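A.B. asks: Next up is a structure, given as structure tokens.
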Amino acid sequence: MFKIRPGVPEDISTFLAFTKGLAEFENMSDQMVATPQRLHHWLFERKTAYLLMGEVDGKAVATAIYFYNFSTFQGLGGIYLEDLYVLPEYRSMGYGTAMLKHIAKIAIDEGCGRMDWVCLDWNDKAIAIYEALGAVSHPQWLLFRMDGKTLENFAVQD
């Protein structure tokens, strides 16, 4: 039976392994620099994001991490799903959808107006699932990011 529960500090090593699996799947292993210490600090000390673990008979098979954001247009909080990962051998069993639904219920219970996430444009299987669930893509929006030295340099520019 599939069960979803909040993550605890003891889940960090499993979550990190799953995140490395996600990075490999997304061809982004070179960007994977998270450490157990960083994750513990941001998830359990600062509490800036929330970890969920999906288990089958006590074995972790899926993970999701989300945080709250805000829509000025709606005047409501929202949830941003940062990552969702299901072990390859447990895919196509409905566990990813169950994780999404669990987070959607959290959003509704918290009075949020929406739930957002991004998906790589080549991940046709995920796109088809999201669209079948009723999610709508917004191709007119572009994701911008500053990180590393670019972020540091910009922060101190006059």
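Note on naming: chains are A, B, ... as they come in the structure tokens, residues start from 1 per chain, ligands start from 1 in the order shown.
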Mind checking DSSP for segment 20-123 of chain A and telling me the strand (DSSP E) residues as an mmCIF file with N, CA and C atoms, in the first residue's frame?
C.D. replies:
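Result file states.cif:
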```cif
data_model
loop_
_atom_site.group_PDB
_atom_site.id
_atom_site.type_symbol
_atom_site.label_atom_id
_atom_site.label_comp_id
_atom_site.auth_asym_id
_atom_site.auth_seq_id
_atom_site.Cartn_x
_atom_site.Cartn_y
_atom_site.Cartn_z
ATOM 1 N N TYR A 50 9.229 22.013 2.195
ATOM 2 C CA TYR A 50 8.622 20.859 2.858
ATOM 3 C C TYR A 50 8.871 19.606 2.036
ATOM 4 N N LEU A 51 9.318 18.579 2.705
ATOM 5 C CA LEU A 51 9.666 17.312 2.079
ATOM 6 C C LEU A 51 8.562 16.300 2.338
ATOM 7 N N LEU A 52 8.189 15.577 1.296
ATOM 8 C CA LEU A 52 7.253 14.464 1.422
ATOM 9 C C LEU A 52 7.932 13.201 0.943
ATOM 10 N N MET A 53 7.650 12.112 1.614
ATOM 11 C CA MET A 53 8.169 10.808 1.217
ATOM 12 C C MET A 53 6.995 9.898 0.892
ATOM 13 N N GLY A 54 7.084 9.214 -0.241
ATOM 14 C CA GLY A 54 6.085 8.227 -0.621
ATOM 15 C C GLY A 54 6.666 6.841 -0.416
ATOM 16 N N GLU A 55 5.932 5.988 0.278
ATOM 17 C CA GLU A 55 6.449 4.662 0.628
ATOM 18 C C GLU A 55 5.477 3.555 0.224
ATOM 19 N N VAL A 56 6.049 2.439 -0.158
ATOM 20 C CA VAL A 56 5.292 1.211 -0.385
ATOM 21 C C VAL A 56 5.808 0.198 0.624
ATOM 22 N N LYS A 59 9.005 1.123 2.319
ATOM 23 C CA LYS A 59 10.165 1.433 1.479
ATOM 24 C C LYS A 59 9.912 2.733 0.723
ATOM 25 N N ALA A 60 10.855 3.676 0.828
ATOM 26 C CA ALA A 60 10.734 4.939 0.105
ATOM 27 C C ALA A 60 10.839 4.682 -1.395
ATOM 28 N N VAL A 61 9.827 5.137 -2.137
ATOM 29 C CA VAL A 61 9.809 4.957 -3.594
ATOM 30 C C VAL A 61 9.575 6.270 -4.330
ATOM 31 N N ALA A 62 9.199 7.317 -3.598
ATOM 32 C CA ALA A 62 8.914 8.605 -4.228
ATOM 33 C C ALA A 62 9.205 9.724 -3.244
ATOM 34 N N THR A 63 9.468 10.879 -3.791
ATOM 35 C CA THR A 63 9.712 12.046 -2.963
ATOM 36 C C THR A 63 9.207 13.284 -3.684
ATOM 37 N N ALA A 64 8.840 14.272 -2.912
ATOM 38 C CA ALA A 64 8.446 15.567 -3.463
ATOM 39 C C ALA A 64 8.889 16.638 -2.482
ATOM 40 N N ILE A 65 9.201 17.787 -3.030
ATOM 41 C CA ILE A 65 9.566 18.924 -2.192
ATOM 42 C C ILE A 65 8.838 20.146 -2.735
ATOM 43 N N TYR A 66 8.244 20.919 -1.828
ATOM 44 C CA TYR A 66 7.481 22.089 -2.240
ATOM 45 C C TYR A 66 7.704 23.223 -1.249
ATOM 46 N N PHE A 67 7.319 24.422 -1.683
ATOM 47 C CA PHE A 67 7.366 25.576 -0.796
ATOM 48 C C PHE A 67 6.227 26.521 -1.167
ATOM 49 N N TYR A 68 5.963 27.455 -0.283
ATOM 50 C CA TYR A 68 4.883 28.409 -0.514
ATOM 51 C C TYR A 68 5.406 29.616 -1.281
ATOM 52 N N ASN A 69 4.560 30.106 -2.190
ATOM 53 C CA ASN A 69 4.843 31.337 -2.910
ATOM 54 C C ASN A 69 3.606 32.227 -2.809
ATOM 55 N N PHE A 70 3.555 33.278 -3.605
ATOM 56 C CA PHE A 70 2.431 34.203 -3.512
ATOM 57 C C PHE A 70 2.077 34.739 -4.886
ATOM 58 N N SER A 71 0.786 34.833 -5.158
ATOM 59 C CA SER A 71 0.289 35.425 -6.398
ATOM 60 C C SER A 71 -0.291 36.797 -6.086
ATOM 61 N N LEU A 76 -3.400 35.677 -3.177
ATOM 62 C CA LEU A 76 -3.419 34.431 -2.412
ATOM 63 C C LEU A 76 -2.054 33.764 -2.435
ATOM 64 N N GLY A 77 -1.806 32.985 -1.412
ATOM 65 C CA GLY A 77 -0.624 32.143 -1.411
ATOM 66 C C GLY A 77 -0.794 31.017 -2.415
ATOM 67 N N GLY A 78 0.317 30.409 -2.745
ATOM 68 C CA GLY A 78 0.314 29.262 -3.642
ATOM 69 C C GLY A 78 1.367 28.277 -3.199
ATOM 70 N N ILE A 79 1.412 27.174 -3.887
ATOM 71 C CA ILE A 79 2.452 26.174 -3.643
ATOM 72 C C ILE A 79 3.238 25.991 -4.926
ATOM 73 N N TYR A 80 4.555 25.972 -4.774
ATOM 74 C CA TYR A 80 5.438 25.681 -5.889
ATOM 75 C C TYR A 80 6.057 24.311 -5.634
ATOM 76 N N LEU A 81 5.810 23.398 -6.538
ATOM 77 C CA LEU A 81 6.399 22.061 -6.461
ATOM 78 C C LEU A 81 7.776 22.127 -7.098
ATOM 79 N N GLU A 82 8.805 22.015 -6.288
ATOM 80 C CA GLU A 82 10.177 22.105 -6.793
ATOM 81 C C GLU A 82 10.585 20.826 -7.502
ATOM 82 N N ASP A 83 10.351 19.699 -6.875
ATOM 83 C CA ASP A 83 10.743 18.420 -7.471
ATOM 84 C C ASP A 83 9.780 17.324 -7.065
ATOM 85 N N LEU A 84 9.568 16.420 -7.996
ATOM 86 C CA LEU A 84 8.800 15.200 -7.761
ATOM 87 C C LEU A 84 9.573 14.083 -8.433
ATOM 88 N N TYR A 85 9.857 13.024 -7.677
ATOM 89 C CA TYR A 85 10.645 11.925 -8.230
ATOM 90 C C TYR A 85 10.077 10.603 -7.740
ATOM 91 N N VAL A 86 9.926 9.692 -8.684
ATOM 92 C CA VAL A 86 9.503 8.327 -8.378
ATOM 93 C C VAL A 86 10.581 7.396 -8.918
ATOM 94 N N ARG A 114 -3.354 28.394 -6.105
ATOM 95 C CA ARG A 114 -2.803 27.626 -7.221
ATOM 96 C C ARG A 114 -1.599 26.811 -6.776
ATOM 97 N N MET A 115 -1.213 25.923 -7.673
ATOM 98 C CA MET A 115 -0.015 25.100 -7.497
ATOM 99 C C MET A 115 0.741 25.173 -8.821
ATOM 100 N N ASP A 116 2.005 25.521 -8.752
ATOM 101 C CA ASP A 116 2.836 25.672 -9.944
ATOM 102 C C ASP A 116 4.013 24.721 -9.905
#
```
A.B. asks: Nearest residue to Met32 of chain A out of A:Ala17, A:Val136, A:Ala104, A:Ala49, using only C-alpha atoms?
C.D. replies: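 Of A:Ala17, A:Val136, A:Ala104, A:Ala49, the one nearest Met32 of chain A is A:Ala17, counting only C-alpha atoms.
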A.B. asks: Nearest to Ala132 of chain A among A:Thr97, A:Ser29, A:Ser92, A:Ser13, with distances taken over only C-alpha atoms: which residue is it?
C.D. replies: A:Thr97
A.B. asks: Extract the full set of helix (DSSP H, G or I) residues from segment 5-125 of chain A according to DSSP on the backbone, and format it as a ChimeraX atom specification.
C.D. replies: /A:9-25,29-31,36-45,88-90,95-109,124-125
A.B. asks: Would you compute the distance between atom CA of Lys105 of chain A and atom CA of Glu131 of chain A? Give it in Å to one decimal.
C.D. replies: 18.3 Å
A.B. asks: If you count only C-alpha atoms, which residues fall within 10 Å of His40 of chain A, apart from same-chain ones fewer than 2 positions away, as an MDAnalysis selection string?
C.D. replies: chainID A and resid 8:12 35:38 42:47
A.B. asks: With C-alpha atoms retained, could you export that selection as a compact mmCIF listing (two decimals), in the first residue's frame?
C.D. replies:
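Result written to selection-v7.txt:
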```txt
# COMPACT_ATOMS: atom_id res chain seq x y z
CA VAL A 8 12.05 13.94 8.71
CA PRO A 9 15.79 14.59 9.12
CA GLU A 10 16.48 10.85 8.89
CA ASP A 11 15.16 10.95 5.29
CA ILE A 12 17.86 13.30 4.05
CA THR A 35 24.82 18.16 0.65
CA PRO A 36 23.12 16.56 3.65
CA GLN A 37 24.14 19.56 5.76
CA ARG A 38 22.62 22.08 3.34
CA TRP A 42 17.11 24.64 4.72
CA LEU A 43 14.48 21.95 5.29
CA PHE A 44 14.55 21.42 9.04
CA GLU A 45 16.23 24.45 10.59
CA ARG A 46 15.06 27.31 8.36
CA LYS A 47 11.94 25.38 7.26
```
A.B. asks: Go through A:Phe15, A:His102, A:Leu120, A:Lys125 and flag the residue nearest Pro139 of chain A, using only C-alpha atoms for the distances.
C.D. replies: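 Closest to Pro139 of chain A, using only C-alpha atoms: A:Leu120.
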A.B. asks: Just the number, please: distance in Å from atom CA of Val33 of chain A to atom CA of Lys20 of chain A, one decimal.
C.D. replies: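 For atom CA of Val33 of chain A relative to atom CA of Lys20 of chain A, the distance reads 9.4 Å.
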A.B. asks: Using only C-alpha atoms, pick whichever of A:His138, A:Lys3, A:Asn27, A:Phe18 has the shortest atom-to-atom distance to Tyr95 of chain A.
C.D. replies: A:Lys3
A.B. asks: Just how far from atom CA of Leu133 of chain A is atom CA of Gly96 of chain A, in Å to one decimal?
C.D. replies: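 Computed distance, atom CA of Gly96 of chain A to atom CA of Leu133 of chain A, equals 11.6 Å.
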